[in-house]
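Asker: Dropping in start-v2.tsv, with TSV, C-alpha atoms.
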chain	number	residue	atom	x	y	z
A	1230	MET	CA	17.55	6.27	-16.65
A	1231	ALA	CA	19.47	3.05	-16.12
A	1232	ALA	CA	22.94	3.71	-14.88
A	1233	GLY	CA	24.40	0.79	-16.77
A	1234	SER	CA	22.75	1.43	-20.12
A	1235	GLY	CA	25.17	2.59	-22.79
A	1236	GLY	CA	22.51	4.30	-24.89
A	1237	ASP	CA	21.10	6.22	-21.94
A	1238	TRP	CA	24.59	7.23	-20.87
A	1239	HIS	CA	25.46	8.65	-24.29
A	1240	ARG	CA	22.20	10.63	-24.31
A	1241	PHE	CA	22.97	11.94	-20.83
A	1242	GLU	CA	26.52	12.86	-21.88
A	1243	SER	CA	25.29	14.73	-24.94
A	1244	ALA	CA	22.58	16.57	-23.01
A	1245	LEU	CA	24.92	17.56	-20.16
A	1246	ARG	CA	27.54	18.76	-22.63
A	1247	SER	CA	24.91	20.97	-24.23
A	1248	SER	CA	23.83	22.13	-20.79
A	1249	LEU	CA	27.36	23.19	-19.83
A	1250	ARG	CA	27.69	25.09	-23.10
A	1251	LEU	CA	24.46	26.95	-22.33
A	1252	LEU	CA	25.88	27.75	-18.91
A	1253	ARG	CA	29.11	29.05	-20.46
A	1254	ASP	CA	27.19	31.24	-22.91
A	1255	SER	CA	24.95	32.64	-20.18
A	1256	LEU	CA	27.99	33.59	-18.11
A	1257	ARG	CA	29.50	35.39	-21.09
A	1258	GLN	CA	26.26	37.30	-21.73
A	1259	GLN	CA	26.12	38.49	-18.13
A	1260	ARG	CA	29.46	40.27	-18.40
A	1261	GLY	CA	29.17	44.01	-18.94
A	1262	LEU	CA	25.58	44.32	-17.72
A	1263	PRO	CA	24.80	47.57	-15.81
A	1264	GLY	CA	24.37	47.61	-12.05
A	1265	ARG	CA	27.15	45.15	-11.22
A	1266	ASP	CA	29.35	45.95	-8.22
A	1267	ALA	CA	33.13	46.11	-8.22
A	1268	ARG	CA	33.51	42.85	-6.27
A	1269	VAL	CA	31.70	40.81	-8.94
A	1270	GLU	CA	33.69	42.47	-11.72
A	1271	SER	CA	36.93	41.75	-9.87
A	1272	GLU	CA	35.98	38.10	-9.47
A	1273	GLU	CA	35.20	37.81	-13.16
A	1274	ARG	CA	38.51	39.38	-14.14
A	1275	GLU	CA	40.26	36.76	-12.04
A	1276	GLN	CA	38.24	34.05	-13.76
A	1277	GLN	CA	39.21	35.22	-17.23
A	1278	GLN	CA	42.31	33.12	-16.72
A	1279	PRO	CA	40.64	29.75	-16.10
A	1280	SER	CA	41.91	27.34	-13.51
A	1281	ALA	CA	43.43	24.05	-14.56
A	1282	LEU	CA	40.12	22.31	-13.89
A	1283	GLN	CA	38.06	24.86	-15.83
A	1284	ALA	CA	40.49	24.70	-18.74
A	1285	LEU	CA	39.83	21.01	-19.27
A	1286	PRO	CA	37.62	19.99	-22.20
A	1287	ILE	CA	33.93	19.65	-21.39
A	1288	GLU	CA	34.07	15.87	-21.93
A	1289	VAL	CA	36.76	15.56	-19.22
A	1290	LYS	CA	34.78	17.79	-16.83
A	1291	LEU	CA	31.75	15.58	-17.35
A	1292	TYR	CA	33.79	12.48	-16.63
A	1293	ILE	CA	35.06	14.00	-13.38
A	1294	LEU	CA	31.57	15.06	-12.27
A	1295	THR	CA	30.30	11.51	-12.59
A	1296	PHE	CA	32.72	10.41	-9.85
A	1297	LEU	CA	31.56	13.03	-7.35
A	1298	THR	CA	28.96	12.39	-4.69
A	1299	PRO	CA	26.15	14.93	-4.27
A	1300	LYS	CA	27.91	16.41	-1.23
A	1301	ASP	CA	31.15	16.62	-3.20
A	1302	LEU	CA	29.29	18.55	-5.91
A	1303	CYS	CA	28.01	21.00	-3.31
A	1304	HIS	CA	31.53	21.49	-1.97
A	1305	LEU	CA	32.78	22.09	-5.50
A	1306	GLY	CA	30.07	24.71	-5.94
A	1307	CYS	CA	31.56	26.68	-3.03
A	1308	THR	CA	34.89	27.19	-4.80
A	1309	CYS	CA	33.90	29.81	-7.40
A	1310	ARG	CA	30.95	31.32	-9.21
A	1311	TYR	CA	31.43	29.19	-12.32
A	1312	TRP	CA	31.19	25.92	-10.41
A	1313	GLN	CA	28.45	27.28	-8.18
A	1314	LEU	CA	26.23	27.59	-11.24
A	1315	ALA	CA	27.59	24.46	-12.93
A	1316	VAL	CA	26.77	22.08	-10.07
A	1317	GLN	CA	23.14	23.32	-9.98
A	1318	ASP	CA	22.46	21.99	-13.46
A	1319	PRO	CA	19.02	20.29	-13.35
A	1320	LEU	CA	20.02	17.50	-15.71
A	1321	LEU	CA	22.88	16.40	-13.48
A	1322	TRP	CA	20.73	16.32	-10.34
A	1323	ARG	CA	17.88	14.60	-12.14
A	1324	TYR	CA	20.36	11.90	-13.15
A	1325	LEU	CA	21.59	11.57	-9.55
A	1326	LEU	CA	18.01	11.46	-8.24
A	1327	ILE	CA	16.99	8.63	-10.56
A	1328	GLN	CA	20.27	6.80	-9.91
A	1329	ASP	CA	20.16	6.99	-6.10
A	1330	LEU	CA	16.47	6.82	-5.16
A	1331	PRO	CA	16.26	2.98	-5.29
A	1332	SER	CA	18.76	2.82	-2.41
A	1333	TRP	CA	16.86	5.17	-0.08
A	1334	ARG	CA	15.13	3.25	2.70
A	1335	SER	CA	12.47	5.72	3.80
A	1336	ILE	CA	10.31	8.53	2.49
A	1337	ASP	CA	7.61	10.54	4.19
A	1338	TRP	CA	4.80	13.00	3.57
A	1339	LYS	CA	7.19	15.94	3.80
A	1340	SER	CA	9.83	14.68	1.37
A	1341	LEU	CA	7.98	12.73	-1.37
A	1342	PRO	CA	8.73	14.29	-4.79
A	1343	ASP	CA	5.97	14.74	-7.35
A	1344	ALA	CA	5.83	11.99	-9.94
A	1345	ASP	CA	6.05	14.49	-12.82
A	1346	VAL	CA	9.64	15.42	-11.93
A	1347	PHE	CA	10.70	12.03	-13.29
A	1348	ASN	CA	8.54	12.21	-16.41
A	1349	ARG	CA	9.68	15.56	-17.80
A	1350	PRO	CA	11.62	15.02	-21.05
A	1351	VAL	CA	15.33	15.85	-21.00
A	1352	SER	CA	14.87	18.37	-23.81
A	1353	ALA	CA	12.52	20.44	-21.60
A	1354	LEU	CA	14.77	20.68	-18.54
A	1355	HIS	CA	16.13	24.12	-19.51
A	1356	GLU	CA	12.86	25.50	-20.89
A	1357	GLY	CA	10.55	27.78	-18.95
A	1358	ALA	CA	10.96	27.43	-15.18
A	1359	PRO	CA	13.07	24.26	-14.71
A	1360	ALA	CA	12.52	22.08	-11.66
A	1361	ASP	CA	15.13	22.53	-8.96
A	1362	TYR	CA	16.35	18.92	-8.92
A	1363	MET	CA	19.16	19.81	-6.55
A	1364	ALA	CA	16.64	20.97	-3.93
A	1365	ILE	CA	14.44	17.93	-4.63
A	1366	TYR	CA	17.40	15.60	-4.10
A	1367	LYS	CA	18.30	17.23	-0.77
A	1368	LYS	CA	14.68	17.08	0.34
A	1369	CYS	CA	14.28	13.37	-0.48
A	1370	SER	CA	17.65	11.85	0.32
A	1371	SER	CA	17.99	10.27	3.75
A	1372	GLY	CA	21.62	11.40	3.80
A	1373	TRP	CA	20.52	15.06	3.79
A	1374	LYS	CA	17.52	14.76	6.10
A	1375	ARG	CA	17.58	16.10	9.59
A	1376	PRO	CA	15.62	14.25	12.29
A	1377	LEU	CA	11.98	15.15	11.71
A	1378	LYS	CA	10.05	16.65	14.57
A	1379	SER	CA	6.58	15.43	15.30
A	1380	SER	CA	3.91	17.17	13.24
A	1381	GLN	CA	1.38	17.07	16.05
A	1382	SER	CA	-0.12	20.32	17.27
A	1383	THR	CA	1.19	22.05	20.39
A	1384	TYR	CA	-2.12	21.41	22.15
A	1385	ARG	CA	-1.94	17.70	21.39
A	1386	ALA	CA	1.68	17.55	22.53
A	1387	VAL	CA	0.86	19.23	25.85
A	1388	THR	CA	-2.15	17.01	26.51
A	1389	SER	CA	-0.09	13.93	25.68
A	1390	LEU	CA	2.57	15.05	28.16
A	1391	LEU	CA	0.00	15.67	30.89
A	1392	HIS	CA	-1.60	12.32	30.18
A	1393	SER	CA	1.72	10.53	30.50
A	1394	LEU	CA	2.32	12.21	33.86
A	1395	VAL	CA	-1.03	11.08	35.21
A	1396	THR	CA	-0.96	7.52	33.93
A	1397	GLN	CA	1.47	5.22	32.15
A	1398	ALA	CA	-0.02	5.58	28.67
A	1399	GLU	CA	0.32	2.68	26.26
A	1400	PRO	CA	-0.44	3.72	22.69
A	1401	ARG	CA	-2.30	1.33	20.43
A	1402	PHE	CA	-1.75	0.83	16.71
A	1403	ALA	CA	-3.80	-1.22	14.26
A	1404	MET	CA	-1.63	-3.26	11.88
A	1405	PHE	CA	-3.02	-4.67	8.64
A	1406	GLY	CA	-2.11	-5.22	4.99
A	1407	PRO	CA	-1.13	-7.97	2.54
A	1408	GLY	CA	2.45	-8.08	3.80
A	1409	LEU	CA	1.15	-9.72	6.97
A	1410	GLU	CA	-0.13	-12.72	5.01
A	1411	ASP	CA	1.60	-13.04	1.64
A	1412	LEU	CA	5.29	-13.19	2.59
A	1413	ASP	CA	7.25	-16.42	3.09
A	1414	GLU	CA	8.52	-15.06	6.42
A	1415	SER	CA	5.91	-14.14	9.03
A	1416	LEU	CA	6.56	-10.59	10.21
A	1417	VAL	CA	4.42	-10.94	13.34
A	1418	LEU	CA	6.01	-14.25	14.34
A	1419	LYS	CA	9.48	-12.74	13.90
A	1420	MET	CA	8.49	-9.75	16.03
A	1421	MET	CA	7.24	-12.08	18.77
A	1422	THR	CA	10.47	-14.11	18.83
A	1423	SER	CA	13.12	-11.38	18.55
A	1424	PRO	CA	13.53	-9.88	22.03
A	1425	GLU	CA	16.93	-8.49	21.07
A	1426	VAL	CA	15.16	-6.19	18.58
A	1427	LEU	CA	11.77	-5.56	20.16
A	1428	PRO	CA	11.09	-7.14	23.56
A	1429	LEU	CA	7.64	-8.64	23.98
A	1430	ALA	CA	5.91	-7.14	27.03
A	1431	GLY	CA	2.68	-9.14	26.98
A	1432	ILE	CA	-0.17	-10.57	24.96
A	1433	PRO	CA	-3.47	-8.73	25.55
A	1434	HIS	CA	-6.82	-10.44	25.11
A	1435	ARG	CA	-7.90	-11.35	21.59
A	1436	GLN	CA	-9.78	-8.50	19.93
A	1437	ILE	CA	-11.63	-10.15	17.03
A	1438	HIS	CA	-11.92	-13.92	17.01
A	1439	GLY	CA	-9.91	-15.53	14.23
A	1440	ILE	CA	-8.65	-12.40	12.48
A	1441	GLY	CA	-7.43	-10.02	15.16
A	1442	SER	CA	-5.24	-10.21	18.25
A	1443	GLY	CA	-3.03	-7.93	20.27
A	1444	LEU	CA	0.67	-7.85	21.12
A	1445	MET	CA	2.39	-5.60	23.64
A	1446	PHE	CA	5.99	-4.55	23.01
A	1447	ARG	CA	8.54	-2.43	24.83
A	1448	TYR	CA	10.49	0.08	22.79
A	1449	LYS	CA	14.07	0.59	24.05
A	1450	ASN	CA	13.02	-1.14	27.29
A	1451	HIS	CA	10.97	1.91	28.23
A	1452	GLN	CA	7.83	2.81	26.28
A	1453	ARG	CA	5.20	0.10	26.05
A	1454	PHE	CA	2.86	0.03	23.08
A	1455	ASN	CA	0.21	-2.32	21.70
A	1456	ILE	CA	-0.06	-3.60	18.15
A	1457	LEU	CA	-3.47	-4.95	17.20
A	1458	THR	CA	-2.99	-7.25	14.20
A	1459	LEU	CA	-5.83	-7.56	11.69
A	1460	TYR	CA	-5.79	-10.43	9.21
A	1461	SER	CA	-8.15	-10.76	6.26
A	1462	LYS	CA	-8.54	-14.51	6.95
A	1463	THR	CA	-8.13	-16.99	9.77
A	1464	SER	CA	-4.80	-18.81	10.10
A	1465	LYS	CA	-6.28	-21.97	8.54
A	1466	GLU	CA	-7.70	-20.01	5.60
A	1467	ARG	CA	-4.38	-18.27	5.09
A	1468	ARG	CA	-2.54	-21.59	4.88
A	1469	THR	CA	-5.11	-22.95	2.42
A	1470	ALA	CA	-4.94	-19.82	0.27
A	1471	ARG	CA	-1.15	-20.03	0.11
A	1472	GLU	CA	-1.17	-23.72	-0.80
A	1473	GLU	CA	-3.82	-23.28	-3.50
A	1474	SER	CA	-2.72	-19.79	-4.65
A	1475	ALA	CA	-6.31	-18.69	-4.26
A	1476	ASN	CA	-7.97	-15.64	-2.76
A	1477	SER	CA	-10.70	-16.18	-0.19
A	1478	ILE	CA	-13.18	-13.66	1.19
A	1479	ASN	CA	-11.64	-10.75	3.08
A	1480	LYS	CA	-13.19	-10.84	6.55
A	1481	ILE	CA	-12.09	-7.35	7.58
A	1482	PHE	CA	-14.26	-5.57	5.00
A	1483	HIS	CA	-17.71	-5.71	3.51
A	1484	GLU	CA	-17.40	-5.51	-0.28
A	1485	ILE	CA	-19.83	-3.18	-2.06
A	1486	ASN	CA	-20.31	-2.97	-5.82
A	1487	SER	CA	-20.75	0.68	-6.75
A	1488	SER	CA	-22.83	1.98	-9.65
A	1489	ASP	CA	-19.73	2.71	-11.74
A	1490	GLY	CA	-18.56	-0.90	-11.49
A	1491	THR	CA	-15.75	-0.33	-9.00
A	1492	MET	CA	-15.44	-2.20	-5.74
A	1493	GLN	CA	-15.80	-0.27	-2.50
A	1494	TYR	CA	-14.94	-1.46	0.98
A	1495	ASN	CA	-16.45	-0.86	4.39
A	1496	PRO	CA	-14.84	-2.23	7.59
A	1497	ILE	CA	-16.92	-4.67	9.60
A	1498	ALA	CA	-18.44	-3.39	12.85
A	1499	HIS	CA	-15.72	-4.77	15.15
A	1500	VAL	CA	-12.97	-3.26	13.01
A	1501	LYS	CA	-14.75	0.11	13.00
A	1502	ASN	CA	-14.86	0.08	16.78
A	1503	LEU	CA	-11.17	-0.76	16.92
A	1504	CYS	CA	-10.30	2.08	14.50
A	1505	GLN	CA	-11.95	4.56	16.84
A	1506	LEU	CA	-9.66	3.53	19.70
A	1507	VAL	CA	-6.19	3.36	18.14
A	1508	ASP	CA	-3.55	6.10	18.10
A	1509	GLY	CA	-2.27	5.28	14.62
A	1510	PHE	CA	-1.96	2.65	11.92
A	1511	ILE	CA	0.69	0.30	10.54
A	1512	TYR	CA	0.14	-0.85	6.97
A	1513	VAL	CA	2.32	-3.77	5.90
A	1514	ALA	CA	2.86	-3.65	2.13
A	1515	ASP	CA	4.31	-6.52	0.11
A	1516	ALA	CA	7.33	-4.93	-1.62
A	1517	GLU	CA	8.66	-8.02	-3.43
A	1518	ALA	CA	9.20	-6.94	-7.02
A	1519	HIS	CA	8.67	-10.33	-8.69
A	1520	LYS	CA	5.01	-10.53	-7.61
A	1521	ARG	CA	1.87	-9.06	-9.11
A	1522	HIS	CA	0.15	-6.67	-6.72
A	1523	SER	CA	-3.42	-5.32	-6.63
A	1524	ARG	CA	-2.50	-1.79	-5.64
A	1525	GLN	CA	-5.90	-0.30	-6.55
A	1526	THR	CA	-7.55	-2.72	-4.13
A	1527	GLU	CA	-4.99	-1.85	-1.48
A	1528	VAL	CA	-5.59	1.87	-1.97
A	1529	ALA	CA	-9.35	1.40	-1.59
A	1530	GLN	CA	-9.01	-0.76	1.53
A	1531	MET	CA	-6.52	1.61	3.14
A	1532	ALA	CA	-8.85	4.54	2.49
A	1533	ALA	CA	-11.68	2.62	4.17
A	1534	MET	CA	-9.58	1.97	7.29
A	1535	LEU	CA	-8.33	5.56	7.46
A	1536	ASN	CA	-11.79	7.08	7.03
A	1537	PRO	CA	-11.83	10.28	9.15
A	1538	ALA	CA	-15.31	9.36	10.35
A	1539	LEU	CA	-13.85	6.39	12.24
A	1540	GLY	CA	-11.76	8.35	14.70
A	1541	PRO	CA	-9.70	11.45	15.46
A	1542	PRO	CA	-8.15	13.11	12.41
A	1543	GLY	CA	-4.43	13.33	11.79
A	1544	ARG	CA	-3.43	9.97	13.23
A	1545	PRO	CA	-0.08	8.82	11.74
A	1546	VAL	CA	0.28	5.95	9.30
A	1547	LEU	CA	3.48	3.89	9.11
A	1548	ILE	CA	3.83	1.89	5.91
A	1549	LEU	CA	6.22	-1.02	6.32
A	1550	SER	CA	7.47	-1.80	2.81
A	1551	CYS	CA	8.37	-5.41	3.50
A	1552	ILE	CA	10.27	-8.22	1.80
A	1553	SER	CA	10.94	-11.68	3.24
A	1554	ARG	CA	14.74	-11.78	2.90
A	1555	ALA	CA	17.53	-9.47	1.80
A	1556	GLU	CA	18.27	-11.33	-1.44
A	1557	ILE	CA	14.78	-10.63	-2.85
A	1558	ASN	CA	14.49	-7.65	-5.20
A	1559	ARG	CA	12.33	-4.96	-3.64
A	1560	ILE	CA	10.19	-2.10	-4.92
A	1561	PRO	CA	11.89	1.16	-3.81
A	1562	CYS	CA	10.04	3.04	-1.09
A	1563	ILE	CA	9.48	6.11	-3.30
A	1564	TYR	CA	7.76	3.94	-5.92
A	1565	MET	CA	5.72	2.28	-3.18
A	1566	ALA	CA	4.53	5.69	-1.94
A	1567	HIS	CA	3.30	6.61	-5.42
A	1568	GLN	CA	1.73	3.18	-6.06
A	1569	LEU	CA	-0.29	3.47	-2.83
A	1570	GLN	CA	-1.20	7.10	-3.67
A	1571	LEU	CA	-0.03	8.24	-0.27
A	1572	ASP	CA	0.14	11.87	-1.38
A	1573	SER	CA	-3.68	11.88	-1.22
A	1574	LEU	CA	-3.73	11.14	2.54
A	1575	CYS	CA	-4.63	13.94	4.94
A	1576	GLN	CA	-2.42	12.74	7.80
A	1577	PRO	CA	1.28	12.19	8.47
A	1578	TRP	CA	2.75	9.05	6.91
A	1579	MET	CA	6.11	7.42	6.33
A	1580	VAL	CA	7.24	4.49	4.18
A	1581	GLN	CA	10.02	2.44	5.79
A	1582	ASP	CA	11.82	-0.45	4.08
A	1583	ILE	CA	12.09	-3.51	6.31
A	1584	GLU	CA	13.12	-7.14	6.00
A	1585	ALA	CA	10.91	-9.72	7.75
A	1586	ALA	CA	13.67	-12.28	8.39
A	1587	THR	CA	15.84	-9.85	10.39
A	1588	LEU	CA	13.42	-6.99	11.21
A	1589	ASP	CA	16.03	-4.65	9.73
A	1590	GLY	CA	14.48	-1.17	9.53
A	1591	LEU	CA	11.57	-1.87	11.88
A	1592	LEU	CA	12.85	0.17	14.84
A	1593	ALA	CA	13.29	3.28	12.70
A	1594	GLY	CA	9.63	3.06	11.70
A	1595	ILE	CA	8.43	2.42	15.27
A	1596	GLU	CA	10.40	5.41	16.55
A	1597	TRP	CA	8.79	7.67	13.95
A	1598	LEU	CA	5.31	6.32	14.72
A	1599	LEU	CA	5.63	6.81	18.49
A	1600	GLY	CA	6.90	10.34	17.97
A	1601	GLU	CA	4.09	11.29	15.61
A	1602	ALA	CA	1.52	9.80	18.01
A	1603	GLY	CA	2.77	12.11	20.77
A	1604	TYR	CA	5.00	9.72	22.71
A	1605	ASP	CA	8.29	11.51	22.09
A	1606	ASN	CA	9.55	10.48	25.52
A	1607	ALA	CA	10.03	7.02	23.96
A	1608	GLN	CA	12.93	8.42	21.98
Could you spell out this file's structure in structure tokens?
Answerer:
Amino acid sequence: MAAGSGGDWHRFESALRSSLRLLRDSLRQQRGLPGRDARVESEEREQQQPSALQALPIEVKLYILTFLTPKDLCHLGCTCRYWQLAVQDPLLWRYLLIQDLPSWRSIDWKSLPDADVFNRPVSALHEGAPADYMAIYKKCSSGWKRPLKSSQSTYRAVTSLLHSLVTQAEPRFAMFGPGLEDLDESLVLKMMTSPEVLPLAGIPHRQIHGIGSGLMFRYKNHQRFNILTLYSKTSKERRTAREESANSINKIFHEINSSDGTMQYNPIAHVKNLCQLVDGFIYVADAEAHKRHSRQTEVAQMAAMLNPALGPPGRPVLILSCISRAEINRIPCIYMAHQLQLDSLCQPWMVQDIEAATLDGLLAGIEWLLGEAGYDNAQ
């Protein structure tokens, strides 16, 4: 629902007005039912004389509700039983969810809402068992989230701790994806030249000639970690492809035509060996909304890299939803998660919005990744 669309707003107003009337009728029907204690009856007698706010016409109440933030609505719900039920209306929270989700900068495997919660028609919101949009909003919104603990097992956490006591462990992460190559601003170059954000601790030996190299960073001047960058083409081929707007052969994968006509991907031998050694993955997605994206190809290539046969299960995946500069319209992170079908992954993941020109948002993603990989002491 577009917040600025007059037609959508009138439909929302009409539906919410009907919803509040249903709420009023349900409250009236509940009066006089057997088994009710004296406290509830006393409260209802007090509410027979409505407050000044409750006495307002429904249209005015609706107008007031539109100015309240979600937290304000929850506070209003604590004032009396009428408003406690009123602020839980699924239509209102569905509206807030659709209105606010483009501004949220991260989403993860624990908080991603199902796509069908957005597709349910307004007329069906009060039929059957309605979705609890208030709970969905709280679950998804970054303003309501508490810091997430690592999802790793206790055994893995203990062994990681012991390992860090014996040796100065340096986790390794494989970074790949179209956002490394298709943006006007080079994310890797910016990372290498921004010591105020992420100090560079060293440049390990090149892993795969032409398409892969390693960078060592220091997070918060304490925990070192390696990022092994994987490009689909050499630097010369990337420049040529950008100048000619052409796609050359992807050198990370072997392409296989399946019997049903779809394209399947298999990492080359060197990349397979690398995947067996890393502690997690960083996928850089191009989130610029004005471009056409081959998401089905991306999904297939990501699945090939994250194949459980190529290493330990449960390794975390950080998706950097990247744009070049702040003025470029971006695809919201929740939409990105659904486009990349991340709900089908069998390991922890998080989508983090970042901007290549300033690296805004990068540290939040790195902190999550180190924690999920068992290096919580970095935080």
Asker: Taking all atoms listed in the file into account, name the residue in A:Val1316, A:Leu1506, A:Leu1444, A:Ile1481 that is nearest to A:Gly1540.
Answerer: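 Using all atoms listed in the file, the shortest distance to A:Gly1540 belongs to A:Leu1506.
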Asker: How many Å lie between atom CA of A:Lys1368 and atom CA of A:Arg1349, rounded to one decimal?
Answerer: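 Atom CA of A:Arg1349 lies at a distance of 18.9 Å from atom CA of A:Lys1368.
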Asker: For A:Ala1403, which of A:Leu1535, A:Ile1478, A:Ile1327, A:Ala1518 is the closest residue, counting only C-alpha atoms?
Answerer: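 Under the stated criterion, the closest residue is A:Leu1535.
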Asker: Write out as a PyMOL selection string the residues lying within 10 Å of stretch 1329-1342 of chain A, counting all atoms listed in the file and excluding same-chain residues fewer than 5 positions away.
Answerer: chain A and resi 1232+1323-1324+1347+1362+1365-1372+1374+1377+1547-1550+1559-1567+1571-1583+1590+1593-1594
Asker: For A:Phe1402, which of A:Glu1596, A:Asp1361, A:Asp1508, A:Glu1584 is the closest residue, counting all atoms listed in the file?
Answerer: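 That would be A:Asp1508, the residue with the smallest distance to A:Phe1402.
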Asker: Of the residues A:Met1445, A:Val1289, A:Met1404, A:Leu1409, which is the one nearest to A:Thr1458, using only C-alpha atoms?
Answerer: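 Looking only at the distances to A:Thr1458, the closest residue turns out to be A:Met1404.
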Asker: Restricting the calculation to only C-alpha atoms: of A:Ala1398, A:Ile1557, A:Leu1569, A:Leu1457, which residue gets closest to A:Ser1523?
Answerer: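 Selected residue with least distance to A:Ser1523: A:Leu1569.
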Asker: Find the residue from A:Val1500, A:Arg1544, A:Gln1568, A:Thr1587 that sits nearest to A:Arg1524; use all atoms listed in the file when measuring.
Answerer: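 Of the candidates, the smallest distance to A:Arg1524 is held by A:Gln1568.
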Asker: Find the distance between atom CA of A:Gly1408 and atom CA of A:His1519 and write it in Å to one decimal.
Answerer: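 Distance reported for this atom pair: 14.1 Å.
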Asker: What separation in Å, quoted to one decimal, exists between atom CA of A:Ala1555 and atom CA of A:Val1426?
Answerer: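 A separation of 17.3 Å between them.
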Asker: Kindly list the centre and edge lengths in Å, rounded to one decimal, for the axis-aligned box that covers all listed atoms of stretch 1579-1594 of chain A plus 5 Å on each of its six sides, as lines of an AutoDock Vina configuration file.
Answerer:
center_x = 11.1
center_y = -2.4
center_z = 9.5
size_x = 19.9
size_y = 29.7
size_z = 20.8
